[in-house]
$ cat model21.cif   # mmCIF, C-alpha atoms
data_query
loop_
_atom_site.label_atom_id
_atom_site.label_comp_id
_atom_site.auth_asym_id
_atom_site.auth_seq_id
_atom_site.Cartn_x
_atom_site.Cartn_y
_atom_site.Cartn_z
CA MET A 272 -87.78 196.56 -257.19
CA LYS A 273 -85.58 197.81 -254.40
CA LYS A 274 -85.46 194.31 -252.92
CA LEU A 275 -84.42 192.90 -256.26
CA VAL A 276 -81.53 195.35 -256.53
CA TYR A 277 -80.41 194.45 -253.00
CA ALA A 278 -80.61 190.74 -253.78
CA ALA A 279 -78.60 191.21 -256.99
CA PHE A 280 -76.02 193.29 -255.12
CA ILE A 281 -75.64 190.62 -252.42
CA LEU A 282 -75.36 187.88 -255.05
CA VAL A 283 -72.69 189.73 -257.02
CA SER A 284 -70.76 190.60 -253.85
CA ALA A 285 -70.90 187.02 -252.62
CA THR A 286 -69.70 185.73 -255.97
CA LEU A 287 -66.84 188.22 -256.02
CA ILE A 288 -65.82 187.40 -252.46
CA ILE A 289 -65.94 183.65 -253.03
CA SER A 290 -64.05 183.82 -256.33
CA SER A 291 -61.37 186.11 -254.90
CA CYS A 292 -60.78 183.83 -251.93
CA SER A 293 -60.67 180.57 -253.85
CA ARG A 294 -57.32 178.95 -254.75
CA LYS A 295 -56.31 179.16 -258.36
CA VAL A 296 -54.10 176.48 -259.93
CA THR A 297 -52.75 176.75 -263.43
CA ARG A 298 -50.77 174.15 -265.33
CA ILE A 299 -47.47 175.52 -266.57
CA ASP A 300 -44.76 174.17 -268.82
CA SER A 301 -42.18 172.24 -266.76
CA SER A 302 -39.39 174.09 -268.58
CA GLU A 303 -40.75 177.50 -267.59
CA GLN A 304 -38.55 179.34 -265.13
CA ILE A 305 -40.40 180.54 -262.04
CA ASP A 306 -38.31 181.49 -259.01
CA LEU A 307 -40.27 182.13 -255.83
CA SER A 308 -38.13 181.68 -252.75
CA GLY A 309 -34.67 181.48 -254.30
CA ARG A 310 -34.18 177.94 -253.03
CA TRP A 311 -33.31 174.94 -255.21
CA ASN A 312 -36.18 174.35 -257.64
CA ASN A 313 -37.22 172.50 -260.80
CA THR A 314 -35.30 174.91 -263.03
CA ASP A 315 -32.05 174.13 -261.20
CA SER A 316 -32.72 170.41 -261.49
CA ARG A 317 -33.49 170.71 -265.20
CA LEU A 318 -30.38 172.81 -265.92
CA THR A 319 -28.24 170.29 -264.04
CA ALA A 320 -29.74 167.37 -265.94
CA GLU A 321 -29.27 169.06 -269.32
CA SER A 322 -25.65 169.86 -268.58
CA MET A 323 -24.84 166.37 -267.27
CA VAL A 324 -26.58 164.51 -270.09
CA LYS A 325 -24.82 166.57 -272.72
CA ASP A 326 -21.43 166.03 -271.11
CA ILE A 327 -21.60 162.39 -270.10
CA LEU A 328 -22.50 161.00 -273.50
CA SER A 329 -20.00 163.08 -275.43
CA SER A 330 -17.05 162.10 -273.23
CA PRO A 331 -14.54 159.52 -274.52
CA TRP A 332 -15.16 156.96 -271.75
CA VAL A 333 -17.94 155.34 -273.79
CA SER A 334 -15.85 154.75 -276.90
CA ASP A 335 -12.76 153.88 -274.85
CA HIS A 336 -14.62 151.09 -273.11
CA ALA A 337 -16.25 149.84 -276.29
CA GLN A 338 -12.86 149.72 -277.95
CA ALA A 339 -11.14 147.94 -275.05
CA LYS A 340 -13.86 145.43 -274.22
CA GLY A 341 -15.74 145.17 -277.50
CA LYS A 342 -19.10 145.93 -275.93
CA LYS A 343 -21.01 148.90 -274.57
CA PRO A 344 -20.32 149.91 -270.95
CA VAL A 345 -22.81 149.00 -268.24
CA VAL A 346 -23.48 151.55 -265.49
CA ILE A 347 -25.05 151.30 -262.05
CA VAL A 348 -26.22 154.38 -260.16
CA GLY A 349 -24.71 154.69 -256.70
CA MET A 350 -25.38 157.20 -253.96
CA VAL A 351 -25.52 160.97 -254.25
CA GLN A 352 -24.57 162.88 -251.12
CA ASN A 353 -26.40 166.11 -250.53
CA LYS A 354 -24.02 168.21 -248.46
CA SER A 355 -25.76 171.49 -249.21
CA HIS A 356 -27.87 173.57 -246.81
CA GLU A 357 -31.17 172.55 -248.43
CA HIS A 358 -33.06 169.34 -248.90
CA ILE A 359 -32.34 168.36 -252.50
CA GLU A 360 -33.44 165.12 -254.11
CA ALA A 361 -30.87 164.11 -256.72
CA GLU A 362 -33.16 161.58 -258.36
CA THR A 363 -34.86 164.38 -260.33
CA PHE A 364 -31.76 164.96 -262.43
CA VAL A 365 -30.04 161.56 -262.11
CA LYS A 366 -33.10 159.95 -263.72
CA ASP A 367 -32.62 162.20 -266.75
CA VAL A 368 -29.04 160.96 -267.04
CA GLU A 369 -30.23 157.34 -266.77
CA ARG A 370 -32.87 157.95 -269.42
CA SER A 371 -30.24 159.40 -271.74
CA PHE A 372 -28.16 156.20 -271.36
CA ILE A 373 -31.05 154.05 -272.46
CA SER A 374 -32.29 156.30 -275.25
CA SER A 375 -28.80 156.71 -276.70
CA SER A 376 -28.26 152.91 -276.76
CA LYS A 377 -24.58 153.59 -276.17
CA VAL A 378 -24.61 152.74 -272.48
CA GLY A 379 -26.26 149.87 -270.61
CA LEU A 380 -27.90 150.43 -267.24
CA VAL A 381 -28.46 147.99 -264.40
CA GLN A 382 -30.71 148.36 -261.42
CA GLY A 383 -29.32 148.90 -257.92
CA GLY A 384 -30.47 149.51 -254.37
CA LYS A 385 -34.06 148.88 -253.33
CA LYS A 386 -35.29 148.20 -256.84
CA ARG A 387 -32.70 145.48 -257.30
CA GLU A 388 -33.74 143.95 -254.00
CA GLU A 389 -37.34 143.90 -255.19
CA MET A 390 -36.30 142.36 -258.49
CA ARG A 391 -34.38 139.59 -256.71
CA ALA A 392 -37.28 138.98 -254.38
CA GLU A 393 -39.54 138.54 -257.40
CA LYS A 394 -37.03 136.12 -258.86
CA ALA A 395 -37.03 134.20 -255.60
CA ASP A 396 -40.81 134.06 -255.70
CA GLN A 397 -40.68 132.64 -259.22
CA GLN A 398 -38.54 129.74 -258.03
CA THR A 399 -41.55 128.26 -256.30
CA ASN A 400 -44.50 129.81 -258.10
CA ALA A 401 -43.67 130.28 -261.78
CA SER A 402 -43.78 127.55 -264.39
CA ALA A 403 -40.43 125.94 -265.14
CA SER A 404 -40.26 127.41 -268.64
CA THR A 405 -40.86 131.01 -267.48
CA MET A 406 -38.90 130.92 -264.22
CA LYS A 407 -35.90 133.27 -264.22
CA GLN A 408 -32.62 132.00 -262.90
CA PHE A 409 -30.32 133.51 -260.33
CA GLY A 410 -26.77 134.39 -261.21
CA LEU A 411 -27.41 135.68 -264.70
CA GLU A 412 -27.54 139.41 -263.99
CA ASN A 413 -25.38 141.85 -265.94
CA GLY A 414 -22.45 143.07 -263.86
CA ALA A 415 -21.87 146.81 -264.02
CA ASP A 416 -18.59 148.15 -265.39
CA PHE A 417 -19.00 151.63 -263.95
CA ILE A 418 -20.69 153.24 -260.96
CA LEU A 419 -22.20 156.73 -261.07
CA GLN A 420 -21.85 158.63 -257.82
CA GLY A 421 -22.25 162.25 -256.90
CA SER A 422 -22.36 165.05 -254.42
CA ILE A 423 -24.16 168.37 -254.01
CA ASN A 424 -22.45 171.22 -252.17
CA SER A 425 -23.47 174.77 -251.46
CA ILE A 426 -22.09 178.06 -250.17
CA VAL A 427 -24.35 180.73 -248.71
CA ASP A 428 -23.27 184.31 -248.28
CA SER A 429 -25.88 186.60 -246.78
CA TYR A 430 -25.92 190.12 -245.42
CA LYS A 431 -29.16 191.61 -244.14
CA ARG A 432 -31.65 191.28 -247.00
CA LYS A 433 -29.20 190.20 -249.68
CA LYS A 434 -28.03 186.67 -250.28
CA VAL A 435 -25.86 184.82 -252.76
CA THR A 436 -26.35 181.06 -252.90
CA TYR A 437 -23.95 178.89 -254.84
CA TYR A 438 -24.65 175.25 -255.65
CA GLN A 439 -22.18 172.81 -257.12
CA VAL A 440 -23.42 169.44 -258.33
CA ASP A 441 -20.75 166.88 -259.16
CA LEU A 442 -21.37 163.52 -260.74
CA GLU A 443 -18.56 161.08 -261.29
CA LEU A 444 -18.18 157.78 -263.05
CA THR A 445 -15.72 155.22 -261.72
CA ASN A 446 -14.53 151.96 -263.20
CA ILE A 447 -15.59 149.33 -260.66
CA GLU A 448 -12.72 146.96 -261.39
CA THR A 449 -9.84 149.41 -261.57
CA ASN A 450 -11.23 152.20 -259.33
CA GLU A 451 -10.30 154.67 -262.04
CA VAL A 452 -12.48 157.77 -262.36
CA VAL A 453 -13.28 158.09 -266.05
CA TRP A 454 -15.61 161.07 -266.04
CA ILE A 455 -16.54 163.98 -263.76
CA GLY A 456 -19.36 166.30 -264.65
CA ASP A 457 -20.25 169.39 -262.73
CA LYS A 458 -22.93 172.04 -262.77
CA LYS A 459 -22.46 175.30 -260.93
CA ILE A 460 -25.44 177.50 -260.17
CA ALA A 461 -25.18 180.87 -258.42
CA LYS A 462 -28.19 182.94 -257.36
CA TYR A 463 -28.42 186.47 -256.09
CA ILE A 464 -31.49 186.87 -253.89
CA LYS A 465 -32.69 190.25 -252.69
CA ASN A 466 -35.53 190.27 -250.19
CA MET B 190 21.04 105.21 -241.35
CA HIS B 191 18.29 106.57 -239.13
CA GLU B 192 14.98 104.93 -239.74
CA VAL B 193 11.65 106.76 -239.39
CA ASN B 194 8.65 104.66 -238.51
CA ILE B 195 5.29 106.08 -239.54
CA ASN B 196 2.11 104.33 -238.68
CA SER B 197 -1.02 104.43 -240.84
CA THR B 198 -2.75 107.24 -238.86
CA GLN B 199 0.27 109.50 -239.12
CA MET B 200 0.53 108.68 -242.80
CA LYS B 201 -3.08 109.70 -243.35
CA THR B 202 -2.55 113.00 -241.48
CA LEU B 203 0.55 113.75 -243.52
CA LEU B 204 -1.18 113.00 -246.80
CA LEU B 205 -4.14 115.18 -245.81
CA PHE B 206 -1.79 118.06 -244.92
CA PHE B 207 0.04 117.92 -248.26
CA ALA B 208 -3.22 117.56 -250.16
CA THR B 209 -4.61 120.68 -248.46
CA VAL B 210 -1.46 122.72 -249.12
CA PHE B 211 -1.22 121.68 -252.76
CA SER B 212 -4.89 122.20 -253.48
CA GLY B 213 -4.71 125.64 -251.83
CA LEU B 214 -1.68 126.63 -253.89
CA LEU B 215 -3.36 125.29 -257.01
CA ALA B 216 -6.50 127.27 -256.31
CA ILE B 217 -4.56 130.50 -255.73
CA GLY B 218 -2.59 129.92 -258.89
CA GLN B 219 -5.80 129.45 -260.85
CA GLU B 220 -7.76 132.37 -259.39
CA LEU B 221 -5.10 135.06 -259.55
CA SER B 222 -5.35 137.21 -262.62
CA LYS B 223 -2.37 138.91 -264.12
CA ASP B 224 -0.96 141.45 -261.65
CA GLN B 225 -3.68 140.67 -259.10
CA ASN B 226 -2.80 141.27 -255.49
CA PRO B 227 -2.34 137.86 -253.83
CA ASN B 228 -4.00 139.23 -250.65
CA TYR B 229 -7.19 140.21 -252.46
CA ALA B 230 -9.19 137.62 -250.52
CA ALA B 231 -8.87 139.62 -247.29
CA SER B 232 -10.61 142.61 -248.86
CA ARG B 233 -13.14 140.44 -250.68
CA ASP B 234 -14.14 138.68 -247.46
CA LYS B 235 -14.49 142.02 -245.66
CA TYR B 236 -16.73 143.56 -248.31
CA MET B 237 -18.80 140.46 -248.90
CA LYS B 238 -20.12 140.99 -245.39
CA LEU B 239 -20.71 144.73 -245.89
CA ALA B 240 -22.18 144.64 -249.40
CA ASP B 241 -25.86 144.48 -248.47
CA SER B 242 -25.82 147.39 -246.05
CA VAL B 243 -23.58 149.59 -248.21
CA ASN B 244 -25.51 148.92 -251.42
CA ALA B 245 -28.84 149.76 -249.79
CA GLY B 246 -28.03 153.40 -250.45
CA GLN B 247 -27.71 152.97 -254.20
CA SER B 248 -29.90 155.26 -256.32
CA THR B 249 -30.71 157.38 -253.27
CA THR B 250 -29.67 160.79 -251.98
CA ALA B 251 -28.02 160.86 -248.58
CA GLN B 252 -29.16 164.07 -246.92
CA GLN B 253 -26.22 165.48 -245.00
CA THR B 254 -27.41 169.06 -244.96
CA TYR B 255 -25.95 171.81 -242.81
CA LYS B 256 -27.44 174.97 -241.35
CA ALA B 257 -26.31 177.98 -243.31
CA ILE B 258 -25.72 181.40 -241.72
CA ASP B 259 -28.64 183.35 -243.09
CA TYR B 260 -29.62 186.66 -241.49
CA LEU B 261 -33.28 186.65 -242.51
CA ALA B 262 -33.81 182.95 -241.89
CA ASP B 263 -32.28 183.26 -238.41
CA LYS B 264 -34.49 186.27 -237.67
CA GLU B 265 -37.59 184.40 -238.77
CA GLU B 266 -36.56 181.41 -236.68
CA ALA B 267 -36.14 183.57 -233.58
CA ARG B 268 -39.57 185.12 -234.21
CA GLU B 269 -41.12 181.68 -234.50
CA ALA B 270 -39.42 180.58 -231.28
CA ARG B 271 -40.84 183.61 -229.47
CA LYS B 272 -44.32 182.90 -230.85
CA GLN B 273 -44.05 179.29 -229.77
CA PHE B 274 -42.92 180.30 -226.31
CA ARG B 275 -45.91 182.61 -225.89
CA ARG B 276 -48.23 179.90 -227.20
CA ASP B 277 -46.79 177.40 -224.71
CA LEU B 278 -47.09 179.91 -221.91
CA ARG B 279 -50.77 180.52 -222.69
CA MET B 280 -51.42 176.80 -222.85
CA GLU B 281 -49.68 176.32 -219.54
CA ARG B 282 -51.82 179.01 -217.93
CA VAL B 283 -55.00 177.41 -219.24
CA ARG B 284 -53.84 174.05 -217.99
CA ASN B 285 -53.12 175.43 -214.51
CA ASN B 286 -56.40 177.35 -214.56
CA TYR B 287 -55.08 180.64 -213.25
CA LEU B 288 -54.87 184.05 -214.75
CA TYR B 289 -51.40 185.40 -214.70
CA ASN B 290 -51.33 189.12 -215.33
CA GLY B 291 -47.63 189.64 -215.12
CA MET B 292 -47.91 190.78 -211.52
CA GLY B 293 -49.17 187.65 -209.84
CA TYR B 294 -52.79 186.63 -209.18
CA ARG B 295 -55.42 189.18 -209.99
CA TYR B 296 -58.72 187.39 -210.07
CA PRO B 297 -60.83 186.62 -208.12
CA TYR B 298 -59.59 189.13 -205.50
CA GLY B 299 -60.18 192.26 -207.49
CA ASN B 300 -58.17 194.56 -205.24
CA GLY B 301 -56.58 196.62 -207.95
CA PRO B 302 -53.07 196.56 -209.28
CA TYR B 303 -51.52 196.97 -205.85
CA HIS B 304 -53.01 193.89 -204.26
CA TYR B 305 -50.53 191.84 -202.25
CA TYR B 306 -49.72 189.67 -205.26
CA GLY B 307 -49.82 192.73 -207.44
CA HIS B 308 -47.15 194.41 -205.35
CA PRO B 309 -44.40 195.89 -207.47
CA SER B 310 -41.96 193.35 -206.09
CA PHE B 311 -44.05 190.64 -207.72
CA ARG B 312 -44.09 192.28 -211.07
CA ARG B 313 -42.56 190.46 -213.95
CA PHE B 314 -42.16 193.48 -216.18
CA ASN B 315 -38.55 192.59 -216.76
CA ASN B 316 -39.68 189.65 -218.90
CA PRO B 317 -39.73 191.00 -222.47
CA VAL B 318 -41.81 188.07 -223.68
CA MET B 319 -44.70 189.24 -221.53
CA TRP B 320 -44.64 192.77 -222.92
CA GLY B 321 -47.39 193.33 -225.45
CA THR B 322 -49.59 190.75 -223.72
CA VAL B 323 -51.18 190.74 -220.28
CA GLY B 324 -47.71 191.07 -218.81
CA SER B 325 -47.41 194.63 -220.03
CA PRO B 326 -47.84 197.37 -217.40
CA PHE B 327 -49.50 199.49 -220.10
CA PHE B 328 -52.20 196.88 -220.47
CA TRP B 329 -53.03 196.86 -216.78
CA ASN B 330 -52.78 200.61 -216.58
CA TRP B 331 -55.36 200.81 -219.36
CA MET B 332 -57.41 198.09 -217.69
CA TYR B 333 -57.82 199.95 -214.39
CA ARG B 334 -57.85 203.56 -215.40
#
$ encode --input "model21.cif" --output "structure tokens"
Amino acid sequence: MKKLVYAAFILVSATLIISSCSRKVTRIDSSEQIDLSGRWNNTDSRLTAESMVKDILSSPWVSDHAQAKGKKPVVIVGMVQNKSHEHIEAETFVKDVERSFISSSKVGLVQGGKKREEMRAEKADQQTNASASTMKQFGLENGADFILQGSINSIVDSYKRKKVTYYQVDLELTNIETNEVVWIGDKKIAKYIKN
Amino acid sequence: MHEVNINSTQMKTLLLFFATVFSGLLAIGQELSKDQNPNYAASRDKYMKLADSVNAGQSTTAQQTYKAIDYLADKEEAREARKQFRRDLRMERVRNNYLYNGMGYRYPYGNGPYHYYGHPSFRRFNNPVMWGTVGSPFFWNWMYR
């Protein structure tokens, strides 16, 4: 009987020790705000995206272009320069802006950079491998009317265990032909971090 | 009246020259849009060569980060550097196969803290990195008491 109690005790203890040491992962809603270190996180990216999407589609550049040219504007995404003190990937919020262009059907979007290279390489491959009726031709791509570029800047003010971090994300849309900036959107985020 | 004699070769050259000039002027006249800078070709030619390399950065984020002045982060960095230094020092000792006690060689002589190499003049107590490890005089005091 005594042995049985010992065995049960050891079993329970072992279970408790193992369960307390094991890693626990829980799925959370991507819109839930959880700040751990105070650095740039998914909440900042989401807030930036929401602000930019709301602003860019309600600005007059879309209707101005449609009125002047009789068709919807076509946008290409250029480079975003991260000049802040942290590694920030702009694609997380720029993609939301791109998605809003397509879902609104008010703005056309063309591929740029590496993806465009890949697309052209595929087209080149088709010239020798695809059937004549399905082969896509060169020189028929849509030319963009506007380019979306941006920058991320930050200011850090710290004293002992207190810190204020300020981020400013700017996105701007420029007319490729005239070099005229038709829209600038910005999102400012300030955080007070106490360690 | 002065007569100019032109042979057939010269005539051909002359005709070719005028044809080139006129076709050039015609082309410029056709290509120029309203209010377009007539020197646009200089810029176009320059950027035609650069386009591929410049456009490679499209849809990407150029990371041009800077190091912010951050009291806690700097402190943590200094602590890490100290840890790394101690780690390297230990590794170096193992590699050189000799026990460094902060005062010089100790083993295998075993003559106490005031062995020749353990003479106070050989002590490295002024190295703060060694304090708290075998380089500490308190450690060796405890060791031989």
$ resolve_selection --input "model21.cif" --expression "the PyMOL selection byres ((chain A) within 10 of (chain B))" --output "PyMOL selection string"
chain A and resi 347-362+365-366+382-388+418-434+466
$ resolve_selection --input "model21.cif" --expression "the PyMOL selection byres ((chain A and resi 312-323) around 12)" --output "PyMOL selection string"
chain A and resi 300-311+324-330+357-372+419+421+423+437-444+454-462
$ resolve_selection --input "model21.cif" --expression "the PyMOL selection byres ((chain A and resi 379) around 7)" --output "ChimeraX atom specification"
/A:343-346,372-373,377-378,380-381
